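Listing of work-v6.cif; format and content: mmCIF, C-alpha atoms.
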```cif
data_data
#
loop_
_atom_site.label_atom_id
_atom_site.label_comp_id
_atom_site.auth_asym_id
_atom_site.auth_seq_id
_atom_site.Cartn_x
_atom_site.Cartn_y
_atom_site.Cartn_z
CA MET D 1 -1.77 -21.70 2.79
CA VAL D 2 -2.00 -25.46 2.42
CA GLU D 3 0.58 -26.92 0.09
CA GLU D 4 3.14 -29.70 -0.09
CA ASP D 5 6.27 -29.03 -2.14
CA THR D 6 6.53 -31.42 -5.06
CA PRO D 7 8.92 -31.18 -7.99
CA VAL D 8 7.67 -29.90 -11.33
CA THR D 9 7.38 -32.81 -13.75
CA ILE D 10 8.96 -32.15 -17.15
CA ASP D 11 9.74 -34.83 -19.70
CA LEU D 12 13.52 -35.05 -19.61
CA SER D 13 13.54 -37.47 -22.52
CA THR D 14 13.73 -34.40 -24.75
CA VAL D 15 17.31 -33.84 -23.56
CA GLY D 16 19.68 -35.97 -25.58
CA ALA D 17 23.14 -36.97 -24.52
CA GLY D 18 24.83 -35.28 -27.44
CA GLY D 19 22.12 -33.65 -29.47
CA TYR D 20 21.53 -29.89 -29.42
CA PRO D 21 18.10 -30.19 -31.10
CA LYS D 22 16.69 -32.07 -28.12
CA LEU D 23 18.29 -29.57 -25.73
CA ALA D 24 16.66 -26.75 -27.69
CA GLU D 25 13.31 -28.53 -27.45
CA PHE D 26 13.83 -28.82 -23.70
CA MET D 27 14.54 -25.07 -23.37
CA VAL D 28 11.41 -24.28 -25.39
CA CYS D 29 9.45 -26.55 -23.05
CA ILE D 30 10.84 -24.68 -20.03
CA GLU D 31 10.10 -21.27 -21.56
CA THR D 32 6.54 -22.25 -22.51
CA PHE D 33 5.91 -23.62 -19.02
CA TYR D 34 7.00 -20.42 -17.28
CA ARG D 35 5.17 -18.17 -19.72
CA GLY D 36 1.96 -19.93 -18.77
CA LYS D 37 2.78 -19.48 -15.11
CA VAL D 38 3.48 -15.74 -15.48
CA ALA D 39 0.02 -15.34 -17.01
CA CYS D 40 -1.45 -16.51 -13.69
CA LEU D 41 -0.05 -13.51 -11.80
CA PRO D 42 -2.51 -10.89 -13.16
CA GLU D 43 -5.43 -13.23 -12.45
CA LEU D 44 -4.21 -13.69 -8.88
CA MET D 45 -4.04 -9.90 -8.42
CA VAL D 46 -7.61 -9.55 -9.69
CA THR D 47 -8.95 -12.17 -7.28
CA ALA D 48 -6.79 -11.07 -4.33
CA PRO D 49 -6.36 -7.27 -4.65
CA GLN D 50 -4.12 -7.13 -1.58
CA LEU D 51 -1.53 -9.09 -3.59
CA ALA D 52 -1.45 -6.47 -6.36
CA ILE D 53 1.93 -5.04 -5.34
CA PHE D 54 3.91 -2.73 -7.59
CA ARG D 55 6.99 -0.51 -7.38
CA ARG D 56 6.63 3.22 -6.87
CA PHE D 57 10.13 3.95 -8.30
CA ALA D 58 10.51 6.70 -5.71
CA SER D 59 14.18 7.34 -6.48
CA LEU D 60 13.60 7.67 -10.23
CA THR D 61 10.58 9.89 -9.61
CA ASN D 62 12.67 12.23 -7.48
CA VAL D 63 15.44 12.24 -10.09
CA ASN D 64 12.90 13.21 -12.75
CA LEU D 65 11.54 16.01 -10.56
CA LEU D 66 15.02 17.31 -9.80
CA TYR D 67 16.00 17.38 -13.47
CA LEU D 68 12.79 19.13 -14.44
CA GLN D 69 13.33 21.63 -11.64
CA ALA D 70 16.93 22.27 -12.74
CA GLU D 71 15.91 22.72 -16.38
CA ILE D 72 13.14 25.15 -15.45
CA ALA D 73 15.52 27.08 -13.20
CA GLU D 74 18.00 27.47 -16.07
CA LEU D 75 15.26 28.71 -18.37
CA GLU D 76 14.10 31.10 -15.66
CA VAL D 77 17.56 32.66 -15.44
CA ARG D 78 17.81 32.93 -19.22
CA LEU D 79 14.34 34.46 -19.43
CA GLN D 80 15.31 37.13 -16.89
CA GLU D 81 18.42 37.94 -18.92
CA VAL D 82 16.40 38.30 -22.10
CA GLN D 83 13.85 40.47 -20.30
CA THR D 84 16.64 42.74 -19.04
CA LYS D 85 18.09 43.12 -22.54
CA ASP D 86 14.66 43.79 -23.99
CA SER D 87 13.96 46.52 -21.42
CA GLN D 88 17.26 48.26 -22.26
CA LEU D 89 16.40 48.64 -25.94
CA ASN D 90 15.21 52.03 -27.06
CA ARG D 91 11.68 50.91 -27.99
CA LYS D 92 8.17 51.91 -27.18
CA PRO D 93 6.50 49.67 -24.54
CA GLU D 94 4.07 48.25 -27.09
CA GLU D 95 6.99 47.19 -29.28
CA ARG D 96 8.72 45.21 -26.57
CA SER D 97 8.19 41.45 -26.61
CA PHE D 98 7.51 41.12 -22.89
CA HIS D 99 5.04 44.00 -22.84
CA SER D 100 2.78 42.77 -25.63
CA TRP D 101 1.63 39.24 -26.36
CA PHE D 102 0.83 40.30 -29.90
CA LYS D 103 4.44 41.38 -30.41
CA LEU D 104 5.71 38.20 -28.77
CA SER D 105 3.51 35.97 -30.93
CA GLU D 106 4.70 37.73 -34.09
CA SER D 107 8.24 36.55 -33.35
CA ALA D 108 7.07 32.97 -33.86
CA ASP D 109 7.26 33.58 -37.62
CA LEU D 110 10.93 34.59 -37.46
CA ASP D 111 13.84 32.28 -38.17
CA PRO D 112 14.46 29.69 -35.43
CA GLY D 113 17.41 30.64 -33.26
CA SER D 114 17.22 34.36 -33.95
CA LEU D 115 17.50 36.79 -31.04
CA GLU D 116 14.06 38.24 -31.75
CA ARG D 117 12.49 34.78 -31.62
CA GLU D 118 14.26 33.66 -28.41
CA PRO D 119 11.70 35.16 -25.96
CA TYR D 120 8.88 33.29 -27.68
CA GLU D 121 10.86 30.03 -27.67
CA LEU D 122 11.65 30.44 -23.97
CA ILE D 123 8.01 31.04 -23.07
CA MET D 124 6.83 28.03 -25.09
CA LYS D 125 9.52 25.80 -23.62
CA LEU D 126 8.68 26.95 -20.09
CA ARG D 127 4.99 26.34 -20.70
CA GLU D 128 5.72 22.75 -21.73
CA LEU D 129 8.16 22.03 -18.89
CA MET D 130 6.00 23.66 -16.23
CA ALA D 131 3.07 21.46 -17.25
CA GLN D 132 5.27 18.36 -17.00
CA TYR D 133 6.71 19.51 -13.67
CA HIS D 134 3.36 20.23 -12.06
CA GLU D 135 1.93 16.96 -13.38
CA ALA D 136 4.89 15.04 -11.95
CA LEU D 137 4.46 16.80 -8.59
CA PHE D 138 0.76 15.96 -8.52
CA PHE D 139 1.28 12.29 -9.33
CA GLN D 140 4.10 12.08 -6.78
CA LYS D 141 1.71 13.42 -4.15
CA GLU D 142 -0.90 10.84 -5.19
CA MET D 143 1.72 8.08 -5.17
CA LEU D 144 2.83 8.94 -1.64
CA ALA D 145 -0.80 8.58 -0.51
CA LEU D 146 -0.82 4.90 -1.58
CA ARG D 147 -0.28 2.35 1.17
CA THR D 148 2.86 0.30 1.59
CA PRO D 149 2.00 -3.42 1.62
CA HIS D 150 2.35 -5.33 4.86
CA ILE D 151 5.46 -7.51 4.98
CA LYS D 152 3.27 -10.59 5.53
CA ILE D 153 1.36 -9.90 2.30
CA LEU D 154 4.63 -9.55 0.40
CA GLU D 155 5.90 -12.81 1.90
CA ASP D 156 2.66 -14.55 0.85
CA LEU D 157 3.14 -13.33 -2.72
CA ARG D 158 6.75 -14.52 -2.74
CA GLU D 159 5.66 -17.89 -1.38
CA TRP D 160 2.97 -18.19 -4.05
CA MET D 161 5.45 -17.32 -6.80
CA LYS D 162 8.02 -19.95 -5.83
CA ARG D 163 5.87 -22.95 -4.85
CA PRO D 164 5.43 -25.61 -7.55
CA LYS D 165 1.73 -26.20 -6.84
CA MET D 166 0.96 -22.49 -6.81
CA GLY D 167 2.44 -19.87 -9.11
CA CYS D 168 5.89 -21.36 -9.68
CA ILE D 169 6.82 -18.19 -11.57
CA CYS D 170 10.25 -17.50 -12.99
CA ILE D 171 10.52 -13.99 -14.47
CA PHE D 172 13.41 -13.56 -16.89
CA SER D 173 13.16 -9.78 -17.33
CA GLY D 174 14.68 -7.19 -15.01
CA ASP D 175 11.48 -6.67 -13.03
CA TRP D 176 11.96 -9.96 -11.15
CA ARG D 177 13.66 -7.87 -8.45
CA THR D 178 10.36 -6.08 -7.76
CA TRP D 179 9.04 -8.75 -5.39
CA ILE D 180 12.30 -10.49 -4.44
CA GLU D 181 14.95 -7.86 -3.70
CA CYS D 182 13.08 -4.56 -3.72
CA ASN D 183 12.91 -2.48 -0.54
CA LEU D 184 9.47 -2.68 1.09
CA GLY D 185 9.29 1.13 1.24
CA ASP D 186 9.45 1.31 -2.56
CA LEU D 187 6.38 -0.91 -3.00
CA VAL D 188 2.73 0.14 -3.12
CA THR D 189 -0.59 -1.63 -3.04
CA PHE D 190 -4.06 -0.52 -4.07
CA GLU D 191 -5.58 -2.19 -1.02
CA ASN D 192 -6.87 0.80 0.97
CA SER D 193 -8.67 -0.90 3.84
CA THR D 194 -7.86 0.70 7.19
CA MET D 195 -7.37 -1.84 9.98
CA ASP D 196 -7.21 -1.31 13.69
CA ARG D 197 -4.32 -2.91 15.54
CA PHE D 198 -6.32 -5.93 16.68
CA THR D 199 -7.59 -6.70 13.17
CA SER D 200 -4.05 -6.33 11.85
CA LEU D 201 -2.81 -8.73 14.54
CA VAL D 202 -5.49 -11.28 13.64
CA THR D 203 -4.93 -10.91 9.89
CA TYR D 204 -1.16 -11.15 9.84
CA THR D 205 -0.31 -13.24 12.92
CA ILE D 206 -3.18 -15.09 14.59
CA ILE D 207 -4.49 -16.50 11.29
CA ASP D 208 -1.14 -18.19 10.68
CA VAL D 209 -1.20 -19.76 14.15
CA TYR D 210 -4.82 -20.85 13.69
CA HIS D 211 -4.09 -22.36 10.28
CA SER D 212 -1.03 -24.23 11.56
CA LEU D 213 -2.91 -25.76 14.49
CA ILE D 214 -6.50 -26.14 13.28
CA GLY D 215 -7.26 -24.60 9.91
CA ARG D 216 -5.07 -26.84 7.78
CA HIS D 217 -6.96 -29.89 9.05
CA ILE D 218 -10.41 -28.36 8.57
CA HIS D 219 -9.88 -26.87 5.11
CA LYS D 220 -7.57 -29.52 3.66
CA GLU D 221 -10.20 -31.41 1.66
CA ARG D 222 -12.90 -28.75 1.36
CA GLU D 223 -12.90 -27.48 -2.20
CA THR D 224 -15.38 -24.70 -1.34
CA ASN D 225 -12.75 -22.95 0.77
CA ILE D 226 -10.23 -22.88 -2.05
CA LEU D 227 -9.48 -19.61 -3.82
CA PRO D 228 -12.14 -19.40 -6.55
CA LEU D 229 -9.89 -18.89 -9.57
CA ASN D 230 -10.54 -20.33 -12.99
CA PHE D 231 -7.21 -22.07 -13.35
CA GLN D 232 -5.80 -25.11 -11.61
CA ASP D 233 -2.65 -23.63 -10.04
CA HIS D 234 -4.57 -22.35 -6.99
CA ARG D 235 -6.40 -25.51 -6.01
CA HIS D 236 -3.97 -25.85 -3.09
CA THR D 237 -4.55 -22.36 -1.67
CA VAL D 238 -6.85 -21.77 1.28
CA THR D 239 -8.22 -18.24 1.61
CA TYR D 240 -9.38 -16.48 4.77
CA THR D 241 -11.32 -13.49 3.52
CA HIS D 242 -11.11 -10.01 5.01
CA ARG D 243 -14.88 -10.10 5.48
CA SER D 244 -14.79 -13.15 7.75
CA ILE D 245 -11.86 -11.72 9.72
CA ALA D 246 -13.68 -8.39 10.09
CA ARG D 247 -16.80 -10.16 11.37
CA PHE D 248 -14.78 -11.96 14.02
CA THR D 249 -12.93 -8.85 15.19
CA GLN D 250 -16.13 -6.78 15.26
CA ALA D 251 -17.92 -9.42 17.32
CA PHE D 252 -14.98 -9.60 19.72
CA THR D 253 -14.85 -5.80 20.02
CA VAL D 254 -18.59 -5.57 20.73
CA LEU D 255 -18.26 -8.32 23.34
CA ILE D 256 -15.47 -6.41 25.11
CA ALA D 257 -17.44 -3.15 24.94
CA CYS D 258 -20.46 -4.82 26.56
CA THR D 259 -18.73 -6.87 29.24
CA LEU D 260 -16.07 -4.42 30.45
CA PRO D 261 -18.44 -1.86 32.08
CA ILE D 262 -20.62 -4.62 33.57
CA ALA D 263 -17.58 -6.48 34.89
CA ALA D 264 -16.26 -3.25 36.42
CA ILE D 265 -19.53 -2.60 38.27
CA ILE D 266 -19.70 -6.20 39.54
CA ILE D 267 -16.13 -6.02 40.85
CA LEU D 268 -16.78 -2.70 42.59
CA TYR D 269 -19.98 -4.11 44.12
CA PHE D 270 -18.13 -6.90 45.92
CA VAL D 271 -15.15 -4.77 46.99
CA HIS D 272 -15.82 -2.46 49.96
CA ASP D 273 -12.36 -1.11 50.74
CA MET D 274 -12.16 2.44 49.35
CA PRO D 275 -8.43 2.49 48.39
CA THR D 276 -8.87 -0.84 46.64
CA ARG D 277 -11.93 0.48 44.80
CA LEU D 278 -10.00 3.53 43.60
CA GLY D 279 -7.17 1.29 42.39
CA ILE D 280 -9.68 -0.90 40.53
CA ILE D 281 -11.23 2.16 38.87
CA ALA D 282 -7.79 3.41 37.77
CA THR D 283 -6.83 -0.03 36.43
CA LEU D 284 -10.10 -0.61 34.57
CA THR D 285 -10.06 2.91 33.12
CA GLY D 286 -6.57 2.30 31.76
CA LEU D 287 -7.69 -1.07 30.39
CA PHE D 288 -10.69 0.57 28.73
CA SER D 289 -8.62 3.27 27.00
CA THR D 290 -6.04 0.69 25.88
CA SER D 291 -8.82 -1.51 24.48
CA MET D 292 -10.24 1.41 22.52
CA SER D 293 -6.82 2.17 21.09
CA MET D 294 -6.15 -1.47 20.12
CA LEU D 295 -9.60 -2.63 19.03
CA THR D 296 -10.89 0.44 17.17
CA THR D 297 -9.71 3.13 14.78
CA ALA D 298 -11.06 5.89 17.03
CA SER D 299 -9.23 9.20 17.16
CA LEU D 300 -7.50 10.46 20.31
CA GLN D 301 -10.36 12.88 20.88
CA ASP D 302 -12.89 10.04 20.80
CA ILE D 303 -10.75 7.88 23.09
CA PHE D 304 -10.45 10.66 25.67
CA ALA D 305 -14.20 11.33 25.57
CA ALA D 306 -15.15 7.66 25.91
CA THR D 307 -12.61 7.07 28.68
CA ALA D 308 -13.91 10.08 30.62
CA ALA D 309 -17.48 8.79 30.26
CA PHE D 310 -16.44 5.30 31.41
CA ALA D 311 -14.63 6.70 34.45
CA ALA D 312 -17.61 8.94 35.25
CA VAL D 313 -19.95 5.93 35.29
CA LEU D 314 -17.67 4.07 37.71
CA VAL D 315 -17.26 7.10 39.97
CA PHE D 316 -21.03 7.66 40.00
CA PHE D 317 -21.58 4.02 40.95
CA LEU D 318 -18.92 4.32 43.64
CA GLY D 319 -20.61 7.40 45.12
CA SER D 320 -24.07 5.87 45.06
CA THR D 321 -22.97 2.67 46.79
CA ASN D 322 -21.08 4.61 49.46
CA ALA D 323 -24.15 6.71 50.13
CA GLY D 324 -26.18 3.55 50.70
CA LEU D 325 -23.72 2.06 53.17
#
```

Take the structure in this file and express it as structure tokens.
Amino acid sequence: MVEEDTPVTIDLSTVGAGGYPKLAEFMVCIETFYRGKVACLPELMVTAPQLAIFRRFASLTNVNLLYLQAEIAELEVRLQEVQTKDSQLNRKPEERSFHSWFKLSESADLDPGSLEREPYELIMKLRELMAQYHEALFFQKEMLALRTPHIKILEDLREWMKRPKMGCICIFSGDWRTWIECNLGDLVTFENSTMDRFTSLVTYTIIDVYHSLIGRHIHKERETNILPLNFQDHRHTVTYTHRSIARFTQAFTVLIACTLPIAAIIILYFVHDMPTRLGIIATLTGLFSTSMSMLTTASLQDIFAATAAFAAVLVFFLGSTNAGL
């Protein structure tokens, strides 16, 4: 980000030495200013989806699940007691509430709180709570599948919120802790792009180094590189898109994939000592597998298969050159 901290300019002439009306006008000015700034946050999240960070409220979700579970367990015990009492009554099976839905549904017309109506009330209450419980379990499972934002993304959002030329947001409600004090593990983002380790390194580390040394001089006066939002608070923000980063990392990965086998064959061609050749093959094979792990999102199965193929090519070349000597 390119930005120079400058103080927010507010007309302090509205604050009188001894007059509360002017102080009230000043407070209204402050409140109006920050309300306008808070309105910028949703627009930022639309333009930069990776900055759409929210709380998952994991602790409260678990508390809700535990209370629902406890309430259902209590109803389960009570239902078993009522079933036992109903089975001990000297009635025909078709007259028992738990043996006939028709008989059970008839009890809905009885007075609330009566013993005959209790089985129906228990079933209806369990039906409602079980639906809530299963729905809460499902959404908890879906919530756990959401990604936790990278610490660098959270720091960028915090920086945007506090800088005068950017968001300069002051939230007066209790949710201000969401981005300032909240534990990173309790935050989620809708950004679902899967990065390999190299792309993650470029995105969250190398870009900062590049911008500090080169990028801030190149992009400083180029309005076309500024975040294309429709309000003025982001005219001092330089954006490096995921697409451009992905193009660079893909090109670098393809370059490594092309040059590593050729470089290995060239090295083996000029080295004639067999122990040295074997050491070179072992080293280059390890380098190849490490590169696949760092530069791609390949599975372990794919890495093993590609590494075996790479080693086989080098061994075949080694055997063919030895046969020609």

* Asked: Separation of CA of Tyr120 (chain D) and CA of Gln69 (chain D), in Å?
  ->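 CA of Gln69 (chain D) lies 20.3 Å from CA of Tyr120 (chain D).
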
* Out of D:Ile123, D:Glu43, D:Asn62, D:Thr205, which residue has the shortest atom-to-atom distance to Val82 (chain D) when counting all atoms listed in the file? ->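 Smallest separation from Val82 (chain D) among the options: D:Ile123.
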
* Tell me which residues the PyMOL selection byres ((chain D and resi 311) around 10) grabs here, as a ChimeraX atom specification. => /D:261,281-282,284-286,288,306-310,312-317

* Asked: So which residues touch Phe198 (chain D) within 9 Å, counting all atoms listed in the file, skipping near sequence neighbours fewer than 6 positions away, as number ranges by chain?
  -> D: 249, 294-296

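Distance-wise, CA of Arg55 (chain D) and CA of Leu146 (chain D) end up 11.1 Å apart.
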
* Leaving out region 132-135 of chain D and any residue of its chain fewer than 2 positions from it, which residues lie within 9 Å of it when counting all atoms listed in the file, given as a list in words? ->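 Listing them by chain and then by number gives Asn64, Leu65, Leu68, Gln69, Ile72, Arg127, Glu128, Leu129, Met130, Leu137, Phe138, Phe139 and Gln140 of chain D.
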
How would the residues just chosen look if you wrote them out with C-alpha atoms as a compact mmCIF listing (two decimals), in the coordinates of the input?
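For reference, again-v4.txt as written:
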```txt
# COMPACT_ATOMS: atom_id res chain seq x y z
CA ASN D 64 12.90 13.21 -12.75
CA LEU D 65 11.54 16.01 -10.56
CA LEU D 68 12.79 19.13 -14.44
CA GLN D 69 13.33 21.63 -11.64
CA ILE D 72 13.14 25.15 -15.45
CA ARG D 127 4.99 26.34 -20.70
CA GLU D 128 5.72 22.75 -21.73
CA LEU D 129 8.16 22.03 -18.89
CA MET D 130 6.00 23.66 -16.23
CA LEU D 137 4.46 16.80 -8.59
CA PHE D 138 0.76 15.96 -8.52
CA PHE D 139 1.28 12.29 -9.33
CA GLN D 140 4.10 12.08 -6.78
```

If you apply the PyMOL selection byres ((chain D and resi 150) around 10) to this file, what residues do you get, as a PDB file with C-alpha atoms, in the frame of the given file?
```
ATOM      1  CA  GLN D  50      -4.120  -7.130  -1.580  1.00  0.00           C
ATOM      2  CA  ARG D 147      -0.280   2.350   1.170  1.00  0.00           C
ATOM      3  CA  THR D 148       2.860   0.300   1.590  1.00  0.00           C
ATOM      4  CA  PRO D 149       2.000  -3.420   1.620  1.00  0.00           C
ATOM      5  CA  ILE D 151       5.460  -7.510   4.980  1.00  0.00           C
ATOM      6  CA  LYS D 152       3.270 -10.590   5.530  1.00  0.00           C
ATOM      7  CA  ILE D 153       1.360  -9.900   2.300  1.00  0.00           C
ATOM      8  CA  LEU D 154       4.630  -9.550   0.400  1.00  0.00           C
ATOM      9  CA  GLU D 155       5.900 -12.810   1.900  1.00  0.00           C
ATOM     10  CA  LEU D 184       9.470  -2.680   1.090  1.00  0.00           C
ATOM     11  CA  LEU D 187       6.380  -0.910  -3.000  1.00  0.00           C
ATOM     12  CA  VAL D 188       2.730   0.140  -3.120  1.00  0.00           C
ATOM     13  CA  THR D 189      -0.590  -1.630  -3.040  1.00  0.00           C
ATOM     14  CA  SER D 200      -4.050  -6.330  11.850  1.00  0.00           C
ATOM     15  CA  TYR D 204      -1.160 -11.150   9.840  1.00  0.00           C
TER      16      TYR D 204
END
```

Given 4 Å of margin on each side, can you work out the centre and size in Å (one decimal) of an axis-aligned box holding every listed atom of region 139-156 of chain D, as lines of an AutoDock Vina configuration file?
```
center_x = 2.5
center_y = -0.6
center_z = -1.9
size_x = 14.8
size_y = 36.0
size_z = 22.9
```

* To do: Tell me which of D:Ala263, D:Ile280, D:Ala73, D:Ala145 sits closest to Leu122 (chain D), counting all atoms listed in the file.
  =>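 Answer, going by the shortest atom-to-atom distance: D:Ala73.
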
Give me region 249-276 of chain D with N, CA and C atoms filled in, as a compact mmCIF listing (two decimals), in the coordinates of the input.
```
# COMPACT_ATOMS: atom_id res chain seq x y z
N THR D 249 -13.48 -9.94 14.37
CA THR D 249 -12.93 -8.85 15.19
C THR D 249 -14.02 -7.90 15.66
N GLN D 250 -15.03 -7.65 14.83
CA GLN D 250 -16.13 -6.78 15.26
C GLN D 250 -16.92 -7.42 16.39
N ALA D 251 -17.19 -8.72 16.25
CA ALA D 251 -17.92 -9.42 17.32
C ALA D 251 -17.12 -9.41 18.62
N PHE D 252 -15.82 -9.62 18.52
CA PHE D 252 -14.98 -9.60 19.72
C PHE D 252 -14.95 -8.21 20.35
N THR D 253 -14.88 -7.17 19.51
CA THR D 253 -14.85 -5.80 20.02
C THR D 253 -16.16 -5.44 20.72
N VAL D 254 -17.28 -5.83 20.12
CA VAL D 254 -18.59 -5.57 20.73
C VAL D 254 -18.71 -6.31 22.06
N LEU D 255 -18.21 -7.54 22.10
CA LEU D 255 -18.26 -8.32 23.34
C LEU D 255 -17.47 -7.62 24.45
N ILE D 256 -16.29 -7.13 24.12
CA ILE D 256 -15.47 -6.41 25.11
C ILE D 256 -16.18 -5.14 25.57
N ALA D 257 -16.76 -4.41 24.61
CA ALA D 257 -17.44 -3.15 24.94
C ALA D 257 -18.64 -3.39 25.87
N CYS D 258 -19.29 -4.53 25.71
CA CYS D 258 -20.46 -4.82 26.56
C CYS D 258 -20.07 -5.35 27.94
N THR D 259 -19.06 -6.19 27.98
CA THR D 259 -18.73 -6.87 29.24
C THR D 259 -17.84 -6.04 30.16
N LEU D 260 -17.00 -5.16 29.60
CA LEU D 260 -16.07 -4.42 30.45
C LEU D 260 -16.77 -3.51 31.46
N PRO D 261 -17.76 -2.68 31.06
CA PRO D 261 -18.44 -1.86 32.08
C PRO D 261 -19.20 -2.69 33.11
N ILE D 262 -19.87 -3.77 32.63
CA ILE D 262 -20.62 -4.62 33.57
C ILE D 262 -19.67 -5.31 34.54
N ALA D 263 -18.55 -5.82 34.02
CA ALA D 263 -17.58 -6.48 34.89
C ALA D 263 -17.01 -5.50 35.91
N ALA D 264 -16.78 -4.25 35.49
CA ALA D 264 -16.26 -3.25 36.42
C ALA D 264 -17.24 -2.99 37.56
N ILE D 265 -18.52 -2.86 37.23
CA ILE D 265 -19.53 -2.60 38.27
C ILE D 265 -19.66 -3.79 39.22
N ILE D 266 -19.61 -5.01 38.69
CA ILE D 266 -19.70 -6.20 39.54
C ILE D 266 -18.52 -6.27 40.51
N ILE D 267 -17.32 -5.99 39.99
CA ILE D 267 -16.13 -6.02 40.85
C ILE D 267 -16.23 -4.98 41.96
N LEU D 268 -16.65 -3.76 41.59
CA LEU D 268 -16.78 -2.70 42.59
C LEU D 268 -17.87 -3.02 43.61
N TYR D 269 -18.88 -3.76 43.21
CA TYR D 269 -19.98 -4.11 44.12
C TYR D 269 -19.49 -5.02 45.25
N PHE D 270 -18.59 -5.93 44.92
CA PHE D 270 -18.13 -6.90 45.92
C PHE D 270 -16.92 -6.40 46.71
N VAL D 271 -16.30 -5.32 46.27
CA VAL D 271 -15.15 -4.77 46.99
C VAL D 271 -15.62 -3.56 47.79
N HIS D 272 -15.34 -3.54 49.09
CA HIS D 272 -15.82 -2.46 49.96
C HIS D 272 -14.71 -1.54 50.44
N ASP D 273 -13.47 -1.95 50.30
CA ASP D 273 -12.36 -1.11 50.74
C ASP D 273 -12.16 0.03 49.74
N MET D 274 -12.21 1.28 50.23
CA MET D 274 -12.16 2.44 49.35
C MET D 274 -10.85 2.55 48.57
N PRO D 275 -9.67 2.43 49.18
CA PRO D 275 -8.43 2.49 48.39
C PRO D 275 -8.37 1.42 47.30
N THR D 276 -8.85 0.23 47.64
CA THR D 276 -8.87 -0.84 46.64
C THR D 276 -9.82 -0.50 45.50
```
